[in-house]
Amino acid sequence: MLECRALEKRAYDLFMQNLIKGTSHLGLGQEAVAAGFGVAMRPDDYTFCTYRGHNHTLVRGVSMTQILGELMGNSSGLMRGKGGSMHLTSIKHHMMGSYAIVGAHLTIAAGAAWSAQYRGTEQVAVCFFGDGATNIGAFHEALNLAVVWKLPVVFVCENNRYMEYTAIDQVTAVEHPAADRASAYGLEPVLIDGNDVDVVYETAQRALDLARRGGGPSLIEAETYRHGGHSRADPGKYRPDDEVKEWLSKDPIPRYRKRLTDLGIPEDALAKIEAETQAAIDKATEEAKNAPPPDESIAYKDVWADGGSAWRN
Amino acid sequence: MAELTYREAVAAGIAQEMRRDANVVFLGEDVAAAGGVFKATVGLLDEFGPQRVRDTPISEQAILGAAMGAAMTGLRPIAEIMFSDFFAVCWDIVANEIAKTRYMTDGQVTLPLVIRSGNGGGSRFGAQHSQSVENWAMAVPGLKVVAPSSPADVKGLLAASVRDEDPVLFFEQKSLYATKGEVPDGEHVVPLGKANVLRQGDDVTICALALMVPRAMQAAKILEEQHGISATVVDVRSLVPLDTQTILAEVAKTGRLVTVEENPRLCGWGAEIASIVAEELFWDLDGPIVRVTTPHVPLAAANNLEDAQLPSADKIVASVRELVD
């Protein structure tokens with residue numbers, strides 16, 4: 001969680017310095033969902049996530065340097081600048097992609113789960129998405145197919161209360177956009193505190209175990225909050241002050257720190273982890289900053305599996 | 001050689017590849033137990049079982065999402081979109097996800113999948129079940145686009161599409177399903193990106209695709225027998241990759257080009273071929289390039305209205321005569 005927070009705060013700073021162009025969608029405040037699942041998942045389980053996917057990528061083991069490099073669009077980046085902030089992917093880490101069309105990847109995660117089922121590997125596909133995706137047709141298509149085919153897939157709705165700039169409850173027919181719809185697909189509604197990393201971890205373990213044992217998909221709604229706006233350009237001013245204040249008090253990181261302190265973990269041990277995280281992000285920032293821009297020739301490569309882009313002879 | 005219908009060749013091509021490779025799986029609406037609404041996939045469920053031949057709900061996004069997810073994790077799925085008009089329902093998965101993922105991930109993801117679909121008019125299905133949409137696909141970088149005209153090509157090009165490492169959209173022309181032709185016995189594979197010169201002439205080169213190929217052949221026969229005009233007919237076969245070498249070589253010999261396409265007029269693939277030929281072969285041309293197309297209107301359902309809209313052999317003959325005479 002600390003590394004996620006450090007990475008995204010740094011990404012924000014680099015935007016302000018104009019070292020990162022384009023746009024980016026930070027998950028500040030939502031770290032517990034990524035971290036809880038990241039620890040519970042088997043290394044060969046698949047992650048599918050959204051354009052707000054830096055945290056989900058980091059927890060699968062991708063380096064901070066590669067993530068920041070991709071955001072800065074240089075040769076140190078995970079995809080050498082061909083993907084950008086919204087498309088982080090590392091197949092080596094079974095991080096199967098960050099998808100920028102809301103809701104699209106739920107169907108793709110179902111396909112990866114189908115493949116795992118067919119190949120008999122006991123891998124599980126975990127698919128993270130926002131509350132906004134629950135109003136997309138593909139959400140319903142994916143849920144239905146996953147249940148009918150009993151696929152090993154865990155759908156995780158990170159309900160951060162806003163679909164882009166609009167409160168989700170203004171545009172949704174039910175109170176809990178994912179959990180309240182679970183019964184429509186014969187699934188148990190699972191509504192959890194997405195800011196409590198222990199709760200997330202335990203929930204993840206249960207759902208992953210069920211899927212691995214052939215018990216089929218789960219749909220989990222994790223209630224959380226993004227500390228900033230939707231994207232780089234959005235200060236998030238549409239959110240009422242008292243709401244922001246309330247959710248900041250539920251910040252998953254100080255909450256977990258307090259729990260650890262209460263359990264008797266010494267202060268200096270925690271401070272040491274914090275200092276190490278800070279040193280790691282500083283080092284990654286320098287590495288990513290100092291990398292040269294990607295070679296221009298790669299702009300014309302890898303449209304096709306032969307590595308090229310030729311469409312005619 | 002066995003004589004198969006175009007629809008039988010579909011099942012034969014899929015079966016050939018499923019026997020060869022256990023990673024080939026097949027999914028779509030009504031494709032398994034019902035054998036497909038066009039009966040093009042009869043027998044596959046019996047031979048390969050429900051784990052490999054799967055009926056899906058009417059969920060085009062889920063079908064293609066599942067195919068993509070399976071392809072990126074080691075399988076080689078064939079997905080059916082029943083009518084190509086329905087690509088509009090799942091175009092996000094095709095154009096944003098399947099087409100772009102390899103590029104965006106700097107080559108990390110390979111998507112060996114085939115999407116088959118019933119394409120085109122001539123069957124009186126009306127404007128939402130008759131479109132020729134291969135030009136939609138052609139406009140998106142990252143998709144290969146194939147459209148066979150004969151049973152032999154259905155089997156051979158389908159096999160090549162399944163073996164291809166890239167996503168292929170495979171457009172079967174619905175009005176050709178009942179047509180028959182010789183199909184080589186045993187393993188039959190026709191490479192993608194190789195146009196087929198069906199006949200050679202001296203006066204004009206006609207480039208056609210799918211249903212327009214037999215019509216172009218019929219026109220060539222009429223031109224020869226009734227008007228003394230000798231035509232080359234090139235079956236383009238695949239739009240991406242496009243065999244421009246063959247097309248340019250044939251046009252260079254005759255000095256004239258007529259493209260025959262079923263698309264509505266604007267931005268049809270014939271315009272791309274015309275542009276390439278004009279740019280690279282201008283000084284060899286003896287006349288303007290002529291495009292025979294469907295007019296820029298939705299297709300009508302009634303016999304005489306749809307017939308009036310689609311390019312016929314007679315229309316091709318008239319266009320060629322105007323150019324050559």
# chains A, B, ... in the order shown; residues from 1 in each chain; ligands from 1

$ residues_around --residues "Ala291 (chain A)" --least-positions-apart "2" --cutoff "12 Å" --atoms "only C-alpha atoms" --output "list in words"
Thr65, Gln66, Leu68, Gly69, Glu70, Met72, Gly73, Asn74, Ser75, Ser76, Gly77, Arg80, Gly81, Ala284, Thr285, Glu286, Glu287, Ala288, Lys289, Pro293, Pro294 and Asp295 of chain A

$ write_last_selection --atoms "N, CA and C atoms" --output "compact mmCIF listing (two decimals), in the first residue's frame"
# COMPACT_ATOMS: atom_id res chain seq x y z
N THR A 65 10.09 1.79 -11.68
CA THR A 65 10.79 2.46 -12.78
C THR A 65 10.05 2.24 -14.08
N GLN A 66 9.64 0.99 -14.32
CA GLN A 66 8.94 0.70 -15.58
C GLN A 66 7.59 1.40 -15.66
N LEU A 68 6.71 4.31 -14.01
CA LEU A 68 6.94 5.75 -14.20
C LEU A 68 7.50 6.03 -15.60
N GLY A 69 8.37 5.13 -16.07
CA GLY A 69 8.93 5.30 -17.41
C GLY A 69 7.84 5.27 -18.47
N GLU A 70 6.87 4.40 -18.28
CA GLU A 70 5.76 4.32 -19.24
C GLU A 70 4.93 5.60 -19.18
N MET A 72 6.02 8.48 -18.41
CA MET A 72 6.82 9.55 -19.02
C MET A 72 7.07 9.30 -20.50
N GLY A 73 6.72 8.11 -20.96
CA GLY A 73 6.86 7.80 -22.38
C GLY A 73 8.29 7.68 -22.84
N ASN A 74 9.11 7.01 -22.07
CA ASN A 74 10.48 6.83 -22.53
C ASN A 74 10.89 5.36 -22.55
N SER A 75 12.15 5.13 -22.89
CA SER A 75 12.60 3.76 -23.15
C SER A 75 12.66 2.89 -21.91
N SER A 76 12.54 3.49 -20.72
CA SER A 76 12.52 2.65 -19.52
C SER A 76 11.13 2.11 -19.25
N GLY A 77 10.13 2.56 -20.02
CA GLY A 77 8.74 2.19 -19.76
C GLY A 77 8.43 0.75 -20.07
N ARG A 80 7.67 0.83 -23.50
CA ARG A 80 8.49 1.82 -24.20
C ARG A 80 7.67 2.97 -24.78
N GLY A 81 6.62 3.33 -24.04
CA GLY A 81 5.83 4.49 -24.47
C GLY A 81 4.74 4.19 -25.47
N ALA A 284 13.66 5.09 -8.32
CA ALA A 284 12.90 4.77 -9.54
C ALA A 284 12.65 6.03 -10.36
N THR A 285 12.36 7.13 -9.68
CA THR A 285 12.10 8.39 -10.39
C THR A 285 13.34 8.81 -11.17
N GLU A 286 14.48 8.73 -10.53
CA GLU A 286 15.72 9.12 -11.22
C GLU A 286 15.98 8.21 -12.41
N GLU A 287 15.82 6.91 -12.21
CA GLU A 287 16.06 5.96 -13.30
C GLU A 287 15.12 6.24 -14.47
N ALA A 288 13.86 6.45 -14.14
CA ALA A 288 12.88 6.67 -15.21
C ALA A 288 13.13 8.00 -15.92
N LYS A 289 13.46 9.03 -15.13
CA LYS A 289 13.70 10.37 -15.70
C LYS A 289 14.89 10.37 -16.65
N PRO A 293 14.42 8.89 -24.78
CA PRO A 293 13.13 8.62 -25.43
C PRO A 293 13.22 7.32 -26.24
N PRO A 294 12.09 6.68 -26.49
CA PRO A 294 12.15 5.45 -27.28
C PRO A 294 12.62 5.73 -28.70
N ASP A 295 13.24 4.74 -29.30
CA ASP A 295 13.66 4.86 -30.70
C ASP A 295 12.40 5.01 -31.57

$ interface_residues --of "chain B" --to "chain A" --cutoff "8 Å" --atoms "only C-alpha atoms" --output "number ranges by chain"
B: 51, 56-57, 59, 61-75, 92-93, 96, 100, 102-110, 141-142, 165-166, 193, 240-245

$ atom_distance --atom1 "CA of Val183 (chain B)" --atom2 "CA of Val42 (chain B)"
17.7 Å

$ select_by_dssp --residues "region 80-169 of chain A" --states "strand (DSSP E or B)" --output "JSON, numbers by chain"
{"A": [90, 95, 96, 97, 98, 99, 125, 126, 127, 128, 129, 130, 153, 154, 155, 156, 157, 158, 159, 162, 163, 166, 167]}

$ write_last_selection --atoms "N, CA, C and O atoms" --output "PDB file, in the first residue's frame"
ATOM      1  N   SER A  90       1.861  -6.317 -18.305  1.00  0.00           N
ATOM      2  CA  SER A  90       3.098  -7.092 -18.194  1.00  0.00           C
ATOM      3  C   SER A  90       2.729  -8.575 -18.163  1.00  0.00           C
ATOM      4  O   SER A  90       2.401  -9.120 -17.108  1.00  0.00           O
ATOM      5  N   MET A  95      -0.003  -9.781 -15.536  1.00  0.00           N
ATOM      6  CA  MET A  95      -0.787  -8.538 -15.498  1.00  0.00           C
ATOM      7  C   MET A  95      -1.259  -8.329 -16.931  1.00  0.00           C
ATOM      8  O   MET A  95      -0.489  -7.894 -17.791  1.00  0.00           O
ATOM      9  N   MET A  96      -2.508  -8.735 -17.188  1.00  0.00           N
ATOM     10  CA  MET A  96      -2.980  -8.940 -18.554  1.00  0.00           C
ATOM     11  C   MET A  96      -3.510  -7.687 -19.224  1.00  0.00           C
ATOM     12  O   MET A  96      -4.094  -7.763 -20.309  1.00  0.00           O
ATOM     13  N   GLY A  97      -3.338  -6.576 -18.578  1.00  0.00           N
ATOM     14  CA  GLY A  97      -3.690  -5.344 -19.262  1.00  0.00           C
ATOM     15  C   GLY A  97      -4.571  -4.417 -18.459  1.00  0.00           C
ATOM     16  O   GLY A  97      -5.319  -4.824 -17.582  1.00  0.00           O
ATOM     17  N   SER A  98      -4.418  -3.132 -18.802  1.00  0.00           N
ATOM     18  CA  SER A  98      -5.247  -2.068 -18.231  1.00  0.00           C
ATOM     19  C   SER A  98      -6.085  -1.562 -19.400  1.00  0.00           C
ATOM     20  O   SER A  98      -5.532  -1.180 -20.421  1.00  0.00           O
ATOM     21  N   TYR A  99      -7.366  -1.575 -19.248  1.00  0.00           N
ATOM     22  CA  TYR A  99      -8.262  -1.323 -20.374  1.00  0.00           C
ATOM     23  C   TYR A  99      -8.940   0.026 -20.214  1.00  0.00           C
ATOM     24  O   TYR A  99      -9.488   0.331 -19.148  1.00  0.00           O
ATOM     25  N   ALA A 125      -8.769 -15.715 -13.005  1.00  0.00           N
ATOM     26  CA  ALA A 125      -8.679 -14.359 -13.549  1.00  0.00           C
ATOM     27  C   ALA A 125      -9.378 -13.409 -12.584  1.00  0.00           C
ATOM     28  O   ALA A 125     -10.527 -13.654 -12.194  1.00  0.00           O
ATOM     29  N   VAL A 126      -8.675 -12.367 -12.168  1.00  0.00           N
ATOM     30  CA  VAL A 126      -9.264 -11.365 -11.283  1.00  0.00           C
ATOM     31  C   VAL A 126      -9.427 -10.076 -12.079  1.00  0.00           C
ATOM     32  O   VAL A 126      -8.461  -9.595 -12.682  1.00  0.00           O
ATOM     33  N   CYS A 127     -10.636  -9.574 -12.091  1.00  0.00           N
ATOM     34  CA  CYS A 127     -10.950  -8.423 -12.935  1.00  0.00           C
ATOM     35  C   CYS A 127     -11.433  -7.252 -12.094  1.00  0.00           C
ATOM     36  O   CYS A 127     -12.482  -7.321 -11.464  1.00  0.00           O
ATOM     37  N   PHE A 128     -10.637  -6.196 -12.055  1.00  0.00           N
ATOM     38  CA  PHE A 128     -10.987  -4.994 -11.294  1.00  0.00           C
ATOM     39  C   PHE A 128     -11.664  -3.980 -12.211  1.00  0.00           C
ATOM     40  O   PHE A 128     -11.241  -3.803 -13.362  1.00  0.00           O
ATOM     41  N   PHE A 129     -12.682  -3.342 -11.708  1.00  0.00           N
ATOM     42  CA  PHE A 129     -13.372  -2.316 -12.509  1.00  0.00           C
ATOM     43  C   PHE A 129     -14.027  -1.325 -11.562  1.00  0.00           C
ATOM     44  O   PHE A 129     -14.198  -1.601 -10.374  1.00  0.00           O
ATOM     45  N   GLY A 130     -14.422  -0.188 -12.096  1.00  0.00           N
ATOM     46  CA  GLY A 130     -15.048   0.833 -11.266  1.00  0.00           C
ATOM     47  C   GLY A 130     -16.552   0.689 -11.221  1.00  0.00           C
ATOM     48  O   GLY A 130     -17.147  -0.124 -11.931  1.00  0.00           O
ATOM     49  N   VAL A 153     -13.372 -16.868 -12.373  1.00  0.00           N
ATOM     50  CA  VAL A 153     -13.099 -15.440 -12.501  1.00  0.00           C
ATOM     51  C   VAL A 153     -13.684 -14.714 -11.295  1.00  0.00           C
ATOM     52  O   VAL A 153     -14.758 -15.075 -10.813  1.00  0.00           O
ATOM     53  N   VAL A 154     -12.945 -13.743 -10.788  1.00  0.00           N
ATOM     54  CA  VAL A 154     -13.420 -12.933  -9.664  1.00  0.00           C
ATOM     55  C   VAL A 154     -13.573 -11.500 -10.164  1.00  0.00           C
ATOM     56  O   VAL A 154     -12.598 -10.876 -10.590  1.00  0.00           O
ATOM     57  N   PHE A 155     -14.783 -11.026 -10.165  1.00  0.00           N
ATOM     58  CA  PHE A 155     -15.062  -9.656 -10.597  1.00  0.00           C
ATOM     59  C   PHE A 155     -15.047  -8.757  -9.358  1.00  0.00           C
ATOM     60  O   PHE A 155     -15.782  -9.011  -8.401  1.00  0.00           O
ATOM     61  N   VAL A 156     -14.217  -7.742  -9.384  1.00  0.00           N
ATOM     62  CA  VAL A 156     -14.065  -6.865  -8.217  1.00  0.00           C
ATOM     63  C   VAL A 156     -14.415  -5.436  -8.600  1.00  0.00           C
ATOM     64  O   VAL A 156     -13.681  -4.777  -9.342  1.00  0.00           O
ATOM     65  N   CYS A 157     -15.546  -4.981  -8.092  1.00  0.00           N
ATOM     66  CA  CYS A 157     -15.951  -3.594  -8.339  1.00  0.00           C
ATOM     67  C   CYS A 157     -15.328  -2.701  -7.276  1.00  0.00           C
ATOM     68  O   CYS A 157     -15.601  -2.859  -6.087  1.00  0.00           O
ATOM     69  N   GLU A 158     -14.489  -1.787  -7.698  1.00  0.00           N
ATOM     70  CA  GLU A 158     -13.964  -0.784  -6.779  1.00  0.00           C
ATOM     71  C   GLU A 158     -14.920   0.398  -6.829  1.00  0.00           C
ATOM     72  O   GLU A 158     -14.823   1.250  -7.712  1.00  0.00           O
ATOM     73  N   ASN A 159     -15.874   0.397  -5.912  1.00  0.00           N
ATOM     74  CA  ASN A 159     -16.866   1.476  -5.907  1.00  0.00           C
ATOM     75  C   ASN A 159     -16.269   2.680  -5.192  1.00  0.00           C
ATOM     76  O   ASN A 159     -16.284   2.751  -3.965  1.00  0.00           O
ATOM     77  N   TYR A 162     -17.812   7.559  -7.627  1.00  0.00           N
ATOM     78  CA  TYR A 162     -18.005   8.449  -8.774  1.00  0.00           C
ATOM     79  C   TYR A 162     -17.669   7.748 -10.075  1.00  0.00           C
ATOM     80  O   TYR A 162     -16.608   7.125 -10.201  1.00  0.00           O
ATOM     81  N   MET A 163     -18.563   7.839 -11.044  1.00  0.00           N
ATOM     82  CA  MET A 163     -18.211   7.450 -12.401  1.00  0.00           C
ATOM     83  C   MET A 163     -17.716   8.726 -13.058  1.00  0.00           C
ATOM     84  O   MET A 163     -18.478   9.651 -13.268  1.00  0.00           O
ATOM     85  N   THR A 166     -19.538  12.227 -12.158  1.00  0.00           N
ATOM     86  CA  THR A 166     -20.906  12.162 -11.659  1.00  0.00           C
ATOM     87  C   THR A 166     -21.020  11.092 -10.574  1.00  0.00           C
ATOM     88  O   THR A 166     -20.489   9.988 -10.740  1.00  0.00           O
ATOM     89  N   ALA A 167     -21.709  11.433  -9.495  1.00  0.00           N
ATOM     90  CA  ALA A 167     -21.890  10.453  -8.414  1.00  0.00           C
ATOM     91  C   ALA A 167     -22.651   9.254  -8.964  1.00  0.00           C
ATOM     92  O   ALA A 167     -23.644   9.407  -9.673  1.00  0.00           O
TER      93      ALA A 167
END

$ atom_distance --atom1 "CA of Leu248 (chain B)" --atom2 "CA of Val236 (chain B)"
11.8 Å

$ closest_residue --among "A:Val102, A:Ala275, A:Ile220, A:Ile168" --to "Val200 (chain A)" --atoms "only C-alpha atoms"
A:Ile220
